[in-house]
2 protein chains.
Amino acid sequence: MGSNDCIEMLRKANLKITPRRKAIIGFFLQNGRYFTPEEVWIALREDFKHLGLPTIYRNLRELEDIGILIRVFRSDQRLYYAICQLGKGKKHHHFVCKKCGRVSEVELCNFDDIAGDIESKLNCKIISHFMQIEGLCSKCMEEEMSERDEGQKVKE
Amino acid sequence: MGSNDCIEMLRKANLKITPRRKAIIGFFLQNGRYFTPEEVWIALREDFKHLGLPTIYRNLRELEDIGILIRVFRSDQRLYYAICQLGKGKKHHHFVCKKCGRVSEVELCNFDDIAGDIESKLNCKIISHFMQIEGLCSKCMEEEMSERDEGQKVKE
DNA sequence: CTATATGCAAAAACTTTGCATAAGC
DNA sequence: GCTTATGCAAAGTTTTTGCATATAG
């Protein structure tokens with residue numbers, strides 16, 4: 001999904017294609033990681049002489065509502081958003097890099113295989129589930145490797 | 001896990017067994033659902049002449065740290081806590097009733113079966129995953145049933 | 001007796017609202 | 001032209017901090 005698909009989604013949702021919206025979406029697409037509203041604001045203020053933080057908050061929420069952005073949950077309870085390439089149609093999850101914050105889509109999910117068992121055990125009805133997978137992305141894994149190598153070199 | 005196990009956990013964590021702590025844990029154990037700090041505060045103020053909201057916030061966080069409580073995530077980004085019967089030792093997830101907020105432990109998880117596939121696909125290293133399962137608990141399912149029955153009776 | 005816990009007051013952090021003006025369609 | 005979007009100021013809500021006092025161990 002690229003910029004054009006997002007614009008199409010805005011149209012469908014009857015949201016106007018404004019410069020700020022395009023910039024917000026572009027910012028997330030370019031960076032591929034999660035950000036707080038304030039971080040988005042600070043970054044985009046360089047491109048817009050006047051840019052209100054409330055505008056960012058409002059837009060992020062609207063973009064989340066229509067499935068362009070998703071929320072990332074962290075233990076501080078601040079708002080974190082990331083671009084969602086798959087939209088709301090396909091149920092999927094997200095992988096979040098603990099080091100750099102990169103967010104990737106994960107379509108693979110085998111939860112349905114055990115949902116019935118859980119329902120039997122708790123005598124409940126499962127409606128949905130939300131999963132956030134955490135670890136190191138490929139880039140940060142490489143970095144860890146070379147850092148470790150560096151460490152060994154020093155020891156030698 | 002009951003009150004006594006919690007007290008044991010407090011000891012291990014070098015937290016003192018204060019009346020407020022016991023009351024907070026007791027409150028969660030009795031009600032089995034999630035609450036905001038404010039809700040806990042309002043409920044416990046009936047038992048304590050003086051009880052500060054900061055005390056509640058501090059205790060809830062500490063109890064979460066040592067694994068007696070867990071956080072429940074909701075779309076409003078407020079703090080929600082529930083008792084965690086299994087503690088931090090065993091990896092597990094939680095089922096949250098969308099209607100009444102009841103929280104149940106779910107030990108069953110087959111995520112590890114696909115973790116490797118996800119790692120291959122994204123070329124990443126998975127460290128952890130967090131899942132929140134939502135639906136209707138047994139009690140709320142029954143209620144839905146009888147409400148539906150009532151509705152049908154009226155139609156007849 | 002010492003270290004931790006608590007109440008209270010106050011501040012801080014984060015997010016939302018209101019409204020007049022601007023801009024997309 | 002009508003409707004939605006935005007900036008700015010201001011308020012609202014939730015959570016945290018500081019510190020003196022109280023209390024558990």
# chains A, B, ... in the order shown; residues from 1 in each chain; ligands from 1
call {"tool": "select_by_dssp", "arguments": {"residues": "stretch 99-132 of chain A", "states": "alpha helix (DSSP H)", "output": "VMD selection string"}}
result
chain A and resid 112 to 122
call {"tool": "write_last_selection", "arguments": {"atoms": "C-alpha atoms", "output": "compact mmCIF listing (two decimals), in the first residue's frame"}}
result
# COMPACT_ATOMS: atom_id res chain seq x y z
CA ASP A 112 -8.25 -19.79 15.57
CA ASP A 113 -6.92 -23.30 16.06
CA ILE A 114 -7.12 -22.96 19.82
CA ALA A 115 -9.96 -20.46 20.11
CA GLY A 116 -12.47 -23.27 20.46
CA ASP A 117 -10.49 -24.91 23.20
CA ILE A 118 -10.31 -21.66 25.12
CA GLU A 119 -14.03 -21.15 24.70
CA SER A 120 -14.69 -24.63 26.07
CA LYS A 121 -12.41 -24.15 28.99
CA LEU A 122 -13.75 -20.73 30.02
call {"tool": "closest_atom_pairs", "arguments": {"of": "stretch 26-92 of chain B", "to": "stretch 5-18 of chain D", "cutoff": "8 Å", "atoms": "only C-alpha atoms (C1' of nucleotides)", "output": "tab-separated table"}}
result
residue	atom	partner	partner_atom	distance
B:Pro54	CA	D:DT16	C1'	8.0
B:Tyr57	CA	D:DT15	C1'	7.9
B:Arg78	CA	D:DT14	C1'	7.6
call {"tool": "write_last_selection", "arguments": {"atoms": "C-alpha atoms", "output": "PDB file, in the first residue's frame"}}
result
ATOM      1  CA  PRO B  54      -1.707   8.840  44.542  1.00  0.00           C
ATOM      2  CA  TYR B  57      -1.644   4.856  41.609  1.00  0.00           C
ATOM      3  CA  ARG B  78      -6.508   5.140  30.563  1.00  0.00           C
TER       4      ARG B  78
END
call {"tool": "select_by_dssp", "arguments": {"residues": "stretch 4-131 of chain B", "states": "strand (DSSP E)", "output": "NGL selection string"}}
result
:B and (69-71 or 81-83 or 93-97 or 103-106 or 125-131)
call {"tool": "residues_around", "arguments": {"residues": "stretch 5-16 of chain C", "least_positions_apart": "5", "cutoff": "12 Å", "atoms": "only C-alpha atoms (C1' of nucleotides)", "output": "MDAnalysis selection string"}}
result
(chainID A and resid 36:38 53:58 61 76:79) or (chainID B and resid 15:21 48:59 62 76:78) or (chainID D and resid 10:24)
call {"tool": "interface_residues", "arguments": {"of": "chain B", "to": "chain A", "cutoff": "6 Å", "atoms": "only C-alpha atoms", "output": "PyMOL selection string"}}
result
chain B and resi 123-138
